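Peer 1: Dropping in entry.tsv, which is TSV, C-alpha atoms:
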chain	number	residue	atom	x	y	z
A	1	MET	CA	-46.15	15.25	6.67
A	2	PHE	CA	-47.78	18.62	6.33
A	3	GLY	CA	-47.22	20.23	2.95
A	4	TYR	CA	-46.01	17.06	1.29
A	5	ALA	CA	-47.81	15.23	-1.50
A	6	PHE	CA	-47.46	11.89	-3.24
A	7	PHE	CA	-46.66	11.92	-6.95
A	8	ILE	CA	-46.48	9.06	-9.44
A	9	ASP	CA	-44.60	9.52	-12.69
A	10	PRO	CA	-45.05	6.35	-14.79
A	11	SER	CA	-42.64	7.63	-17.43
A	12	ARG	CA	-39.82	7.41	-14.88
A	13	CYS	CA	-40.56	3.86	-13.74
A	14	ILE	CA	-37.79	1.44	-14.63
A	15	GLY	CA	-39.56	-1.62	-13.29
A	16	CYS	CA	-36.94	-2.38	-10.66
A	17	GLN	CA	-39.52	-3.48	-8.07
A	18	SER	CA	-37.65	-1.65	-5.30
A	19	CYS	CA	-40.91	-0.10	-4.11
A	20	VAL	CA	-42.58	-3.50	-3.89
A	21	GLN	CA	-39.69	-4.91	-1.86
A	22	ALA	CA	-39.48	-1.87	0.38
A	23	CYS	CA	-43.21	-2.07	1.04
A	24	ALA	CA	-42.86	-5.71	2.04
A	25	GLU	CA	-40.11	-4.81	4.51
A	26	CYS	CA	-42.34	-2.57	6.58
A	27	GLU	CA	-42.76	-4.12	10.03
A	28	THR	CA	-46.51	-3.56	10.15
A	29	HIS	CA	-47.10	-6.07	7.35
A	30	ARG	CA	-43.74	-7.76	6.96
A	31	GLY	CA	-43.42	-10.03	3.97
A	32	THR	CA	-46.48	-8.76	2.15
A	33	SER	CA	-46.33	-5.91	-0.28
A	34	MET	CA	-49.33	-3.63	-0.50
A	35	ILE	CA	-48.34	-2.23	-3.89
A	36	HIS	CA	-47.38	-3.69	-7.25
A	37	VAL	CA	-45.64	-2.80	-10.48
A	38	ASP	CA	-47.73	-3.32	-13.60
A	39	PHE	CA	-46.53	-4.04	-17.10
A	40	LEU	CA	-48.61	-1.83	-19.36
A	41	ASP	CA	-48.49	-3.95	-22.51
A	42	ARG	CA	-45.99	-6.68	-21.98
A	43	ALA	CA	-46.19	-8.11	-25.49
A	44	SER	CA	-45.01	-4.95	-27.16
A	45	SER	CA	-43.36	-2.80	-24.48
A	46	ILE	CA	-41.14	-2.96	-21.44
A	47	ALA	CA	-42.97	0.00	-19.92
A	48	THR	CA	-43.94	-0.48	-16.29
A	49	VAL	CA	-45.98	1.57	-13.89
A	50	PRO	CA	-46.01	1.47	-10.09
A	51	MET	CA	-49.41	1.26	-8.51
A	52	VAL	CA	-49.97	2.56	-5.01
A	53	CYS	CA	-53.32	3.46	-3.51
A	54	MET	CA	-54.53	6.70	-5.04
A	55	HIS	CA	-56.63	7.60	-1.94
A	56	CYS	CA	-59.73	8.71	-3.83
A	57	ASP	CA	-61.75	11.65	-2.55
A	58	ASP	CA	-64.83	9.46	-2.77
A	59	PRO	CA	-63.32	5.99	-2.35
A	60	THR	CA	-65.20	3.40	-4.38
A	61	CYS	CA	-63.83	0.61	-2.20
A	62	ALA	CA	-65.46	2.17	0.86
A	63	GLN	CA	-68.66	2.88	-1.06
A	64	VAL	CA	-69.13	-0.78	-1.95
A	65	CYS	CA	-68.04	-2.19	1.41
A	66	PRO	CA	-71.05	-3.98	2.91
A	67	ALA	CA	-69.43	-4.15	6.36
A	68	ASP	CA	-68.54	-0.45	6.79
A	69	ALA	CA	-64.94	-1.56	7.25
A	70	ILE	CA	-63.06	0.93	5.05
A	71	LYS	CA	-62.59	4.41	6.44
A	72	LYS	CA	-61.10	7.61	5.13
A	73	GLY	CA	-59.21	9.61	7.70
A	74	GLU	CA	-59.31	13.36	8.15
A	75	ASP	CA	-56.04	13.74	6.27
A	76	GLY	CA	-57.55	12.05	3.21
A	77	VAL	CA	-55.84	8.68	3.61
A	78	VAL	CA	-58.04	5.66	2.90
A	79	HIS	CA	-57.05	3.00	5.40
A	80	SER	CA	-56.94	-0.78	5.29
A	81	SER	CA	-60.14	-2.48	6.34
A	82	LEU	CA	-60.94	-2.52	10.03
A	83	LYS	CA	-60.08	-5.96	11.32
A	84	PRO	CA	-63.22	-6.54	13.42
A	85	ARG	CA	-65.50	-5.57	10.53
A	86	CYS	CA	-63.94	-6.89	7.34
A	87	ILE	CA	-65.64	-10.02	6.04
A	88	ALA	CA	-63.16	-10.57	3.18
A	89	CYS	CA	-65.93	-10.41	0.58
A	90	SER	CA	-63.63	-8.86	-2.05
A	91	ASN	CA	-66.20	-6.26	-3.10
A	92	CYS	CA	-63.53	-3.59	-2.79
A	93	VAL	CA	-61.07	-5.63	-4.84
A	94	LEU	CA	-63.56	-5.81	-7.70
A	95	ALA	CA	-64.72	-2.20	-7.37
A	96	CYS	CA	-61.44	-0.31	-7.13
A	97	PRO	CA	-60.74	1.29	-10.52
A	98	PHE	CA	-56.99	1.17	-9.82
A	99	GLY	CA	-56.83	-2.44	-8.64
A	100	VAL	CA	-55.28	-1.63	-5.28
A	101	PRO	CA	-57.05	-3.57	-2.50
A	102	MET	CA	-56.01	-7.15	-1.89
A	103	VAL	CA	-57.78	-9.68	0.27
A	104	LYS	CA	-55.49	-11.84	2.36
A	105	LEU	CA	-57.42	-15.03	2.75
A	106	ALA	CA	-55.05	-16.30	5.45
A	107	ILE	CA	-56.27	-13.57	7.79
A	108	GLU	CA	-59.61	-13.03	6.03
A	109	GLN	CA	-59.05	-9.33	5.72
A	110	MET	CA	-58.54	-6.80	2.98
A	111	THR	CA	-55.28	-4.93	3.29
A	112	LYS	CA	-54.17	-2.10	1.10
A	113	CYS	CA	-51.63	0.66	0.76
A	114	ASP	CA	-52.30	3.34	3.37
A	115	MET	CA	-49.46	5.62	2.31
A	116	CYS	CA	-47.39	4.09	5.14
A	117	TYR	CA	-49.63	5.73	7.71
A	118	ASP	CA	-47.32	4.67	10.54
A	119	ARG	CA	-44.51	6.61	8.86
A	120	THR	CA	-46.21	9.61	7.23
A	121	SER	CA	-48.21	10.39	10.35
A	122	GLU	CA	-44.98	10.94	12.25
A	123	GLY	CA	-43.08	12.85	9.63
A	124	LYS	CA	-41.36	10.11	7.63
A	125	ARG	CA	-41.76	9.42	3.94
A	126	PRO	CA	-43.50	6.29	2.65
A	127	MET	CA	-41.24	3.26	2.16
A	128	CYS	CA	-41.72	3.09	-1.62
A	129	ALA	CA	-40.97	6.77	-2.20
A	130	THR	CA	-37.80	6.61	-0.11
A	131	VAL	CA	-36.31	3.78	-2.18
A	132	CYS	CA	-37.48	4.64	-5.70
A	133	PRO	CA	-34.20	5.26	-7.58
A	134	SER	CA	-35.80	7.23	-10.40
A	135	GLN	CA	-38.31	9.02	-8.17
A	136	ALA	CA	-41.20	7.67	-10.20
A	137	LEU	CA	-42.75	7.53	-6.77
A	138	ALA	CA	-42.07	10.83	-5.03
A	139	TYR	CA	-43.25	12.15	-1.71
A	140	VAL	CA	-42.18	15.78	-1.89
A	141	ARG	CA	-43.52	19.29	-1.75
A	142	PRO	CA	-45.59	20.30	-4.80
A	143	GLU	CA	-43.14	23.18	-5.42
A	144	GLU	CA	-40.32	20.71	-5.98
A	145	ILE	CA	-42.34	18.87	-8.61
A	146	ALA	CA	-43.26	22.12	-10.33
A	147	ALA	CA	-39.62	23.20	-10.36
A	148	GLY	CA	-37.97	19.94	-11.33
A	149	ARG	CA	-40.27	18.10	-13.72
A	150	ARG	CA	-41.55	18.69	-17.20
A	151	GLU	CA	-44.76	16.79	-16.46
A	152	VAL	CA	-47.66	18.37	-14.63
A	153	PRO	CA	-49.63	16.70	-11.85
A	154	THR	CA	-53.24	15.73	-12.19
A	155	SER	CA	-55.61	14.00	-9.84
A	156	VAL	CA	-58.61	13.59	-12.14
A	157	PHE	CA	-59.26	10.23	-13.73
A	158	GLY	CA	-62.10	9.28	-16.03
A	159	PHE	CA	-63.19	5.67	-16.02
A	160	GLY	CA	-65.99	5.50	-18.55
A	161	LEU	CA	-68.78	7.51	-16.96
A	162	GLN	CA	-67.13	7.65	-13.55
A	163	THR	CA	-64.82	10.53	-12.70
A	164	VAL	CA	-62.47	9.85	-9.83
A	165	THR	CA	-60.46	12.50	-8.04
A	166	THR	CA	-57.62	11.39	-5.83
A	167	LEU	CA	-55.19	12.52	-3.16
A	168	VAL	CA	-52.17	10.98	-4.90
A	169	GLN	CA	-51.28	12.83	-8.08
A	170	TYR	CA	-50.22	11.43	-11.43
A	171	LEU	CA	-47.67	13.25	-13.54
A	172	VAL	CA	-48.91	13.64	-17.10
A	173	PRO	CA	-47.44	15.42	-20.11
A	174	ALA	CA	-47.81	19.19	-19.92
A	175	GLY	CA	-51.07	20.23	-21.47
A	176	SER	CA	-53.04	17.27	-20.14
A	177	ARG	CA	-55.51	17.90	-17.39
A	178	SER	CA	-56.86	14.48	-16.69
A	179	ILE	CA	-56.37	10.85	-17.54
A	180	GLN	CA	-59.19	9.26	-19.47
A	181	VAL	CA	-59.27	5.49	-19.28
A	182	GLU	CA	-61.19	3.70	-21.98
A	183	ALA	CA	-64.07	1.70	-20.65
A	184	VAL	CA	-63.56	-1.93	-21.51
A	185	ASP	CA	-66.44	-4.34	-21.43
A	186	ILE	CA	-64.74	-7.11	-19.51
A	187	VAL	CA	-67.17	-9.76	-20.76
A	188	ASP	CA	-66.58	-8.64	-24.30
A	189	TYR	CA	-62.83	-8.72	-23.66
A	190	LEU	CA	-62.88	-12.24	-22.29
A	191	TRP	CA	-65.18	-13.60	-24.95
A	192	GLU	CA	-63.66	-16.69	-26.58
A	193	GLY	CA	-66.47	-17.50	-29.00
A	194	ASP	CA	-66.56	-17.08	-32.70
A	195	GLY	CA	-65.55	-13.45	-32.61
A	196	GLN	CA	-69.15	-12.27	-32.69
A	197	PRO	CA	-70.04	-11.50	-29.06
B	1	MET	CA	-86.25	7.43	6.22
B	2	SER	CA	-87.46	10.94	5.55
B	3	GLN	CA	-91.19	11.56	5.40
B	4	SER	CA	-91.16	12.80	1.82
B	5	GLY	CA	-90.00	9.43	0.59
B	6	ASP	CA	-86.75	10.85	-0.76
B	7	PRO	CA	-84.28	8.02	-0.19
B	8	SER	CA	-81.20	10.18	-0.48
B	9	ALA	CA	-79.47	12.48	1.95
B	10	GLY	CA	-78.35	15.95	0.98
B	11	ASP	CA	-75.35	15.14	-1.21
B	12	GLY	CA	-76.86	12.33	-3.26
B	13	GLN	CA	-75.85	9.71	-0.71
B	14	PRO	CA	-78.41	7.24	0.59
B	15	VAL	CA	-79.83	8.02	4.02
B	16	TRP	CA	-78.20	5.00	5.65
B	17	ARG	CA	-74.80	6.45	4.71
B	18	GLU	CA	-75.24	8.97	7.53
B	19	GLU	CA	-75.08	6.09	9.97
B	20	PHE	CA	-72.14	4.44	8.21
B	21	ALA	CA	-69.97	7.35	7.17
B	22	ILE	CA	-66.88	6.68	5.10
B	23	ARG	CA	-65.00	9.66	6.49
B	24	THR	CA	-64.05	9.24	10.12
B	25	ALA	CA	-64.79	12.95	10.64
B	26	ASP	CA	-68.44	12.36	9.70
B	27	GLU	CA	-68.98	9.55	12.15
B	28	ARG	CA	-71.52	10.40	14.79
B	29	TYR	CA	-71.05	7.45	17.05
B	30	VAL	CA	-68.68	8.07	19.93
B	31	ALA	CA	-65.51	6.05	19.63
B	32	ARG	CA	-64.21	4.14	22.62
B	33	ARG	CA	-61.11	6.29	22.84
B	34	GLN	CA	-63.18	9.47	22.66
B	35	PHE	CA	-65.48	8.18	25.39
B	36	THR	CA	-62.53	7.28	27.59
B	37	LYS	CA	-61.05	10.72	27.04
B	38	PHE	CA	-64.35	12.32	28.00
B	39	MET	CA	-64.66	10.20	31.13
B	40	VAL	CA	-61.10	10.95	32.26
B	41	LEU	CA	-61.45	14.68	31.69
B	42	THR	CA	-64.82	14.75	33.44
B	43	SER	CA	-63.39	12.84	36.41
B	44	VAL	CA	-60.46	15.21	36.64
B	45	GLY	CA	-62.88	18.13	36.48
B	46	MET	CA	-65.00	16.65	39.27
B	47	PHE	CA	-61.88	16.04	41.38
B	48	VAL	CA	-60.61	19.59	40.92
B	49	GLY	CA	-64.07	20.96	41.70
B	50	ASN	CA	-64.32	18.93	44.89
B	51	LEU	CA	-60.79	19.93	45.84
B	52	SER	CA	-61.64	23.61	45.44
B	53	ILE	CA	-64.73	23.17	47.61
B	54	LEU	CA	-62.61	21.44	50.26
B	55	ILE	CA	-59.96	24.18	50.21
B	56	LYS	CA	-62.66	26.83	50.40
B	57	SER	CA	-64.23	25.17	53.42
B	58	TRP	CA	-60.82	25.05	55.11
B	59	LEU	CA	-60.20	28.72	54.49
B	60	TRP	CA	-63.61	29.88	55.69
B	61	ARG	CA	-64.08	27.43	58.48
B	62	ARG	CA	-66.33	29.45	60.77
B	63	PRO	CA	-68.82	31.85	59.29
B	64	GLN	CA	-68.98	35.11	61.23
B	65	TYR	CA	-72.31	36.29	62.53
B	66	ALA	CA	-72.98	39.84	63.60
B	67	PRO	CA	-74.61	40.18	67.02
B	68	GLN	CA	-78.22	41.25	66.83
B	69	VAL	CA	-80.58	42.32	69.58
B	70	VAL	CA	-83.74	40.28	69.68
B	71	ALA	CA	-86.19	43.06	70.37
B	72	GLY	CA	-88.93	42.71	72.95
B	73	ALA	CA	-87.61	39.55	74.55
B	74	SER	CA	-87.98	40.81	78.11
B	75	GLU	CA	-91.74	41.32	77.90
B	76	LEU	CA	-92.20	37.76	76.59
B	77	PRO	CA	-94.16	35.59	79.09
B	78	VAL	CA	-92.93	32.13	80.04
B	79	GLY	CA	-94.02	29.78	77.27
B	80	GLY	CA	-94.36	32.71	74.91
B	81	VAL	CA	-93.12	32.64	71.35
B	82	LYS	CA	-91.56	35.36	69.27
B	83	LEU	CA	-90.50	35.23	65.63
B	84	PHE	CA	-87.46	37.12	64.37
B	85	THR	CA	-84.92	36.91	61.58
B	86	TYR	CA	-81.26	36.08	62.05
B	87	PRO	CA	-78.58	36.33	60.66
B	88	THR	CA	-80.20	37.76	57.51
B	89	GLU	CA	-83.65	39.04	56.73
B	90	LYS	CA	-84.50	35.76	55.01
B	91	ASP	CA	-83.59	33.41	57.86
B	92	ARG	CA	-86.68	33.14	60.01
B	93	CYS	CA	-86.10	32.07	63.60
B	94	ILE	CA	-88.31	31.21	66.50
B	95	LEU	CA	-87.63	32.33	70.11
B	96	VAL	CA	-89.25	30.61	73.06
B	97	ARG	CA	-89.07	31.52	76.73
B	98	LEU	CA	-89.03	28.14	78.43
B	99	ALA	CA	-88.53	29.50	81.94
B	100	GLU	CA	-88.10	32.88	83.61
B	101	ASP	CA	-84.39	32.92	82.76
B	102	GLN	CA	-84.24	30.33	79.98
B	103	PHE	CA	-84.54	31.46	76.40
B	104	VAL	CA	-84.03	29.17	73.39
B	105	ALA	CA	-84.08	30.12	69.73
B	106	TYR	CA	-83.90	27.94	66.63
B	107	SER	CA	-84.10	28.33	62.91
B	108	GLN	CA	-87.74	27.99	61.98
B	109	LYS	CA	-86.92	25.85	58.95
B	110	CYS	CA	-87.60	22.17	59.47
B	111	THR	CA	-84.47	20.23	58.55
B	112	HIS	CA	-86.55	17.85	56.46
B	113	LEU	CA	-88.13	20.03	53.74
B	114	SER	CA	-87.91	23.54	55.21
B	115	CYS	CA	-91.49	23.95	56.40
B	116	ALA	CA	-91.86	26.46	59.23
B	117	VAL	CA	-91.96	24.72	62.61
B	118	TYR	CA	-94.13	26.07	65.42
B	119	PHE	CA	-93.89	25.71	69.21
B	120	SER	CA	-96.39	23.45	70.89
B	121	ALA	CA	-96.58	24.73	74.48
B	122	GLU	CA	-98.63	21.85	75.87
B	123	ALA	CA	-96.30	19.21	74.39
B	124	GLY	CA	-93.20	21.29	75.01
B	125	ARG	CA	-91.72	20.68	71.57
B	126	PHE	CA	-91.42	22.15	68.11
B	127	GLU	CA	-93.70	20.58	65.55
B	128	CYS	CA	-93.53	20.68	61.81
B	129	PRO	CA	-97.03	20.56	60.32
B	130	CYS	CA	-95.94	19.19	56.96
B	131	HIS	CA	-94.73	15.70	57.88
B	132	GLU	CA	-95.08	15.64	61.65
B	133	GLY	CA	-91.44	16.09	62.44
B	134	PHE	CA	-91.03	16.92	66.14
B	135	PHE	CA	-88.05	18.56	67.81
B	136	ARG	CA	-87.23	18.77	71.52
B	137	ALA	CA	-87.62	22.29	72.85
B	138	ALA	CA	-84.56	22.22	75.10
B	139	ASP	CA	-81.94	21.41	72.44
B	140	GLY	CA	-83.73	21.06	69.08
B	141	ALA	CA	-83.03	17.33	68.78
B	142	VAL	CA	-85.28	15.24	66.56
B	143	LEU	CA	-87.99	13.41	68.49
B	144	GLN	CA	-89.84	11.82	65.62
B	145	GLY	CA	-90.62	12.13	61.95
B	146	PRO	CA	-88.59	12.34	58.76
B	147	PRO	CA	-86.00	15.00	59.76
B	148	GLN	CA	-82.51	13.57	60.22
B	149	ARG	CA	-80.79	16.58	61.74
B	150	PRO	CA	-81.64	18.78	64.74
B	151	LEU	CA	-82.81	22.35	64.25
B	152	PRO	CA	-79.96	24.88	63.93
B	153	ARG	CA	-79.76	26.65	67.26
B	154	ILE	CA	-79.37	30.40	67.57
B	155	VAL	CA	-76.75	31.21	70.21
B	156	LEU	CA	-78.22	33.71	72.67
B	157	GLU	CA	-76.51	35.89	75.25
B	158	MET	CA	-77.87	38.25	77.85
B	159	ALA	CA	-76.39	41.72	77.60
B	160	GLY	CA	-77.85	43.69	80.46
B	161	ASP	CA	-81.55	43.26	80.09
B	162	GLN	CA	-81.31	42.72	76.35
B	163	LEU	CA	-81.26	39.36	74.60
B	164	VAL	CA	-78.63	39.23	71.86
B	165	ALA	CA	-78.28	36.62	69.14
B	166	THR	CA	-74.58	36.05	68.52
B	167	GLY	CA	-74.34	33.03	66.25
B	168	VAL	CA	-75.84	29.97	64.65
B	169	ASP	CA	-74.95	26.50	65.89
B	170	LEU	CA	-75.80	24.00	63.15
B	171	GLN	CA	-75.56	21.19	65.75
B	172	GLU	CA	-74.06	18.94	63.06
B	173	GLU	CA	-72.03	16.85	65.49
B	174	GLY	CA	-75.13	15.47	67.16
Could I get this structure in the form of structure tokens?
Peer 2:
Amino acid sequence: MFGYAFFIDPSRCIGCQSCVQACAECETHRGTSMIHVDFLDRASSIATVPMVCMHCDDPTCAQVCPADAIKKGEDGVVHSSLKPRCIACSNCVLACPFGVPMVKLAIEQMTKCDMCYDRTSEGKRPMCATVCPSQALAYVRPEEIAAGRREVPTSVFGFGLQTVTTLVQYLVPAGSRSIQVEAVDIVDYLWEGDGQP
Amino acid sequence: MSQSGDPSAGDGQPVWREEFAIRTADERYVARRQFTKFMVLTSVGMFVGNLSILIKSWLWRRPQYAPQVVAGASELPVGGVKLFTYPTEKDRCILVRLAEDQFVAYSQKCTHLSCAVYFSAEAGRFECPCHEGFFRAADGAVLQGPPQRPLPRIVLEMAGDQLVATGVDLQEEG
């Protein structure tokens, strides 16, 4: 839809999983949800955050694809892998900084959120944004967000040394300009030795 | 690979990325749908073009030729040849007096590759020197050689003692 943009406000998410269920009801991939709701720190908080594809300007999933199967359309939407090309190698799954792509081994293909391309390309809103009761996922005009929310949108994410800019915008507290994610050494994190990695 | 040994394209991307673009807008290979679209539009264009040619040929079925006096025909001896131009200055024609009262005129262009034909009086035929295409003097029909079509005949009429060219018969039916 021309003039509309996708916004995620994690502070509004109530963890109801409506978006996940709505995604799974779409007839193009019935029964399989392309998105998920994350618990941020389940041991100490009930905070949840919905995760849809951010549609990066320079999609890392496509950059690492050895089969040239992931394409970014002219409207900025990064699509699911092309069926004849995808080899289900999971490179994209490992590379995506947001953890969006999923490989379906039953069909040996990576599928991911494509902002409900079948709907948005003909003027409908994405499934998840239509059902979200708290509008943590919102597909609206940027003016509406500016008028109705305290948070401000950003599309700049820092992952260690990598800066990622995206089509989907995150709502952050006013005054913030980007989201900086701490780089975690995954090997260090998983280390189960004597505490001295 | 570029000659300088620089492995990257302009924007810091490797050279092979040009062949395998991430953005569909950057792809240089023609997609099947695009190719089909091109073929359909080209076919429609060809059809419309042919249709316009057909309609044009219906509307201007018979080209009109202005009558033109072939000067000096009466003093031509039997078996004599005279060159003239008809219907325009660039269309060279050849006039032959076969008998006292029989004149024939044809376009001088051989119907094979447009060499100028000449009249062979002893053989009684028009001969093209380029590829030995021969035409019958009486009606311009092909006798031998590579030409497939007879010589276009210039329609002649006697007006008093003057010979007048009044048209061009392409002789396509034969």
Peer 1: If we count only C-alpha atoms, what is near range 112-114 of chain B at a cut-off of 9 Å, once residues fewer than 4 positions away on the same chain are taken out, given as a PDB file with C-alpha atoms, keeping the file's coordinate frame?
Peer 2:
ATOM      1  CA  GLN B 108     -87.740  27.990  61.980  1.00  0.00           C
ATOM      2  CA  CYS B 130     -95.940  19.190  56.960  1.00  0.00           C
ATOM      3  CA  HIS B 131     -94.730  15.700  57.880  1.00  0.00           C
ATOM      4  CA  GLY B 133     -91.440  16.090  62.440  1.00  0.00           C
ATOM      5  CA  GLY B 145     -90.620  12.130  61.950  1.00  0.00           C
ATOM      6  CA  PRO B 146     -88.590  12.340  58.760  1.00  0.00           C
ATOM      7  CA  PRO B 147     -86.000  15.000  59.760  1.00  0.00           C
ATOM      8  CA  GLN B 148     -82.510  13.570  60.220  1.00  0.00           C
ATOM      9  CA  ARG B 149     -80.790  16.580  61.740  1.00  0.00           C
TER      10      ARG B 149
END
Peer 1: From the list B:Glu157, B:Glu89, B:Asp26, B:Glu100, which residue is nearest Glu75 in chain B when using only C-alpha atoms?
Peer 2: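 Smallest separation from Glu75 in chain B among the options: B:Glu100.
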Peer 1: Define the interface residues of chain B facing chain A as those within 7 Å, counting all atoms listed in the file, and report them as JSON, numbers by chain.
Peer 2: {"B": [20, 22, 23, 24, 25]}
Peer 1: Show which residues sit within 10 Å of Thr154 in chain A, as a PyMOL selection string. Count all atoms listed in the file, and ignore same-chain residues fewer than 5 positions away.
Peer 2: chain A and resi 7-8+165-173+176-179
Peer 1: Name the residues, using the chain letters and numbers of the file, that sit within 12 Å of (-81.6, 17.8, 72.4) when counting only C-alpha atoms, and give them as a ChimeraX atom specification.
Peer 2: /B:104,106,125-126,134-143,149-153,171,173-174
Peer 1: Box time for range 3-21 of chain A: axis-aligned, enclosing all its listed atoms, 4 Å extra on each side; report centre and edge lengths in Å to one decimal, as JSON.
Peer 2:
{"center_x": -42.4, "center_y": 7.7, "center_z": -7.2, "size_x": 18.9, "size_y": 33.1, "size_z": 28.4}
Peer 1: What is the CA of Thr28 in chain A-CA of Ala129 in chain A distance in Å, reported with one decimal?
Peer 2: 17.0 Å
Peer 1: Identify, on the basis of all atoms listed in the file, every residue whose closest approach to range 82-84 of chain B does not exceed 10 Å; exclude the query and any residue fewer than 6 positions from it along the same chain; express the result as a list in words.
Peer 2: Val70, Ala71, Gly72, Ala73, Leu76, Lys90, Asp91, Arg92, Cys93, Ile94, Leu95, Val96, Arg97, Ala105, Tyr106, Ser107, Gln108, Tyr118 and Phe119 of chain B
Peer 1: Between A:Ser33, A:Ser44, A:Gln162, A:Gln21, which is the closest to Pro101 in chain A once you count all atoms listed in the file?
Peer 2: A:Ser33
Peer 1: Within 7 Å of Pro10 in chain A, counting all atoms listed in the file, which residues show up once you throw out same-chain ones fewer than 2 positions away? Write them as a ChimeraX atom specification, please.
Peer 2: /A:8,12-13,49-50,136
Peer 1: Just give me the gap between CA of Leu156 in chain B and CA of Val168 in chain B in Å, one decimal is fine.
Peer 2: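 About the pair CA of Leu156 in chain B and CA of Val168 in chain B: they are 9.2 Å apart.
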Peer 1: State, in Å with one decimal place, the distance from CA of Trp58 in chain B to CA of Ala165 in chain B.
Peer 2: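 Result for CA of Trp58 in chain B versus CA of Ala165 in chain B: 25.2 Å, one decimal.
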Peer 1: Any idea what's packed within 12 Å of range 118-128 of chain A, counting all atoms listed in the file, ignoring anything in its chain fewer than 2 positions away? Could you give it as a ChimeraX atom specification?
Peer 2: /A:1-8,16-29,33-37,50-53,73-77,79,113-116,130-141
Peer 1: Could range 53-67 of chain A be completed with N, CA and C atoms and returned as a PDB file, keeping the file's coordinate frame?
Peer 2:
ATOM      1  N   CYS A  53     -51.936   2.999  -3.675  1.00  0.00           N
ATOM      2  CA  CYS A  53     -53.320   3.460  -3.510  1.00  0.00           C
ATOM      3  C   CYS A  53     -53.380   4.940  -3.843  1.00  0.00           C
ATOM      4  N   MET A  54     -54.403   5.308  -4.624  1.00  0.00           N
ATOM      5  CA  MET A  54     -54.530   6.700  -5.040  1.00  0.00           C
ATOM      6  C   MET A  54     -55.266   7.540  -3.994  1.00  0.00           C
ATOM      7  N   HIS A  55     -55.878   6.911  -2.993  1.00  0.00           N
ATOM      8  CA  HIS A  55     -56.630   7.600  -1.940  1.00  0.00           C
ATOM      9  C   HIS A  55     -57.660   8.564  -2.516  1.00  0.00           C
ATOM     10  N   CYS A  56     -58.677   7.957  -3.143  1.00  0.00           N
ATOM     11  CA  CYS A  56     -59.730   8.710  -3.830  1.00  0.00           C
ATOM     12  C   CYS A  56     -60.471   9.613  -2.848  1.00  0.00           C
ATOM     13  N   ASP A  57     -60.928  10.752  -3.363  1.00  0.00           N
ATOM     14  CA  ASP A  57     -61.750  11.650  -2.550  1.00  0.00           C
ATOM     15  C   ASP A  57     -63.051  10.969  -2.139  1.00  0.00           C
ATOM     16  N   ASP A  58     -63.623  10.225  -3.073  1.00  0.00           N
ATOM     17  CA  ASP A  58     -64.830   9.460  -2.770  1.00  0.00           C
ATOM     18  C   ASP A  58     -64.500   7.994  -3.045  1.00  0.00           C
ATOM     19  N   PRO A  59     -63.876   7.323  -2.067  1.00  0.00           N
ATOM     20  CA  PRO A  59     -63.320   5.990  -2.350  1.00  0.00           C
ATOM     21  C   PRO A  59     -64.379   4.954  -2.719  1.00  0.00           C
ATOM     22  N   THR A  60     -64.236   4.403  -3.930  1.00  0.00           N
ATOM     23  CA  THR A  60     -65.200   3.400  -4.380  1.00  0.00           C
ATOM     24  C   THR A  60     -65.145   2.157  -3.516  1.00  0.00           C
ATOM     25  N   CYS A  61     -63.942   1.793  -3.053  1.00  0.00           N
ATOM     26  CA  CYS A  61     -63.830   0.610  -2.200  1.00  0.00           C
ATOM     27  C   CYS A  61     -64.676   0.743  -0.950  1.00  0.00           C
ATOM     28  N   ALA A  62     -64.665   1.944  -0.354  1.00  0.00           N
ATOM     29  CA  ALA A  62     -65.460   2.170   0.860  1.00  0.00           C
ATOM     30  C   ALA A  62     -66.946   2.235   0.519  1.00  0.00           C
ATOM     31  N   GLN A  63     -67.249   2.783  -0.665  1.00  0.00           N
ATOM     32  CA  GLN A  63     -68.660   2.880  -1.060  1.00  0.00           C
ATOM     33  C   GLN A  63     -69.303   1.516  -1.200  1.00  0.00           C
ATOM     34  N   VAL A  64     -68.533   0.537  -1.704  1.00  0.00           N
ATOM     35  CA  VAL A  64     -69.130  -0.780  -1.950  1.00  0.00           C
ATOM     36  C   VAL A  64     -68.980  -1.712  -0.760  1.00  0.00           C
ATOM     37  N   CYS A  65     -68.270  -1.277   0.290  1.00  0.00           N
ATOM     38  CA  CYS A  65     -68.040  -2.190   1.410  1.00  0.00           C
ATOM     39  C   CYS A  65     -69.348  -2.454   2.143  1.00  0.00           C
ATOM     40  N   PRO A  66     -69.791  -3.693   2.228  1.00  0.00           N
ATOM     41  CA  PRO A  66     -71.050  -3.980   2.910  1.00  0.00           C
ATOM     42  C   PRO A  66     -70.895  -4.008   4.429  1.00  0.00           C
ATOM     43  N   ALA A  67     -69.659  -3.994   4.923  1.00  0.00           N
ATOM     44  CA  ALA A  67     -69.430  -4.150   6.360  1.00  0.00           C
ATOM     45  C   ALA A  67     -68.966  -2.843   7.013  1.00  0.00           C
TER      46      ALA A  67
END
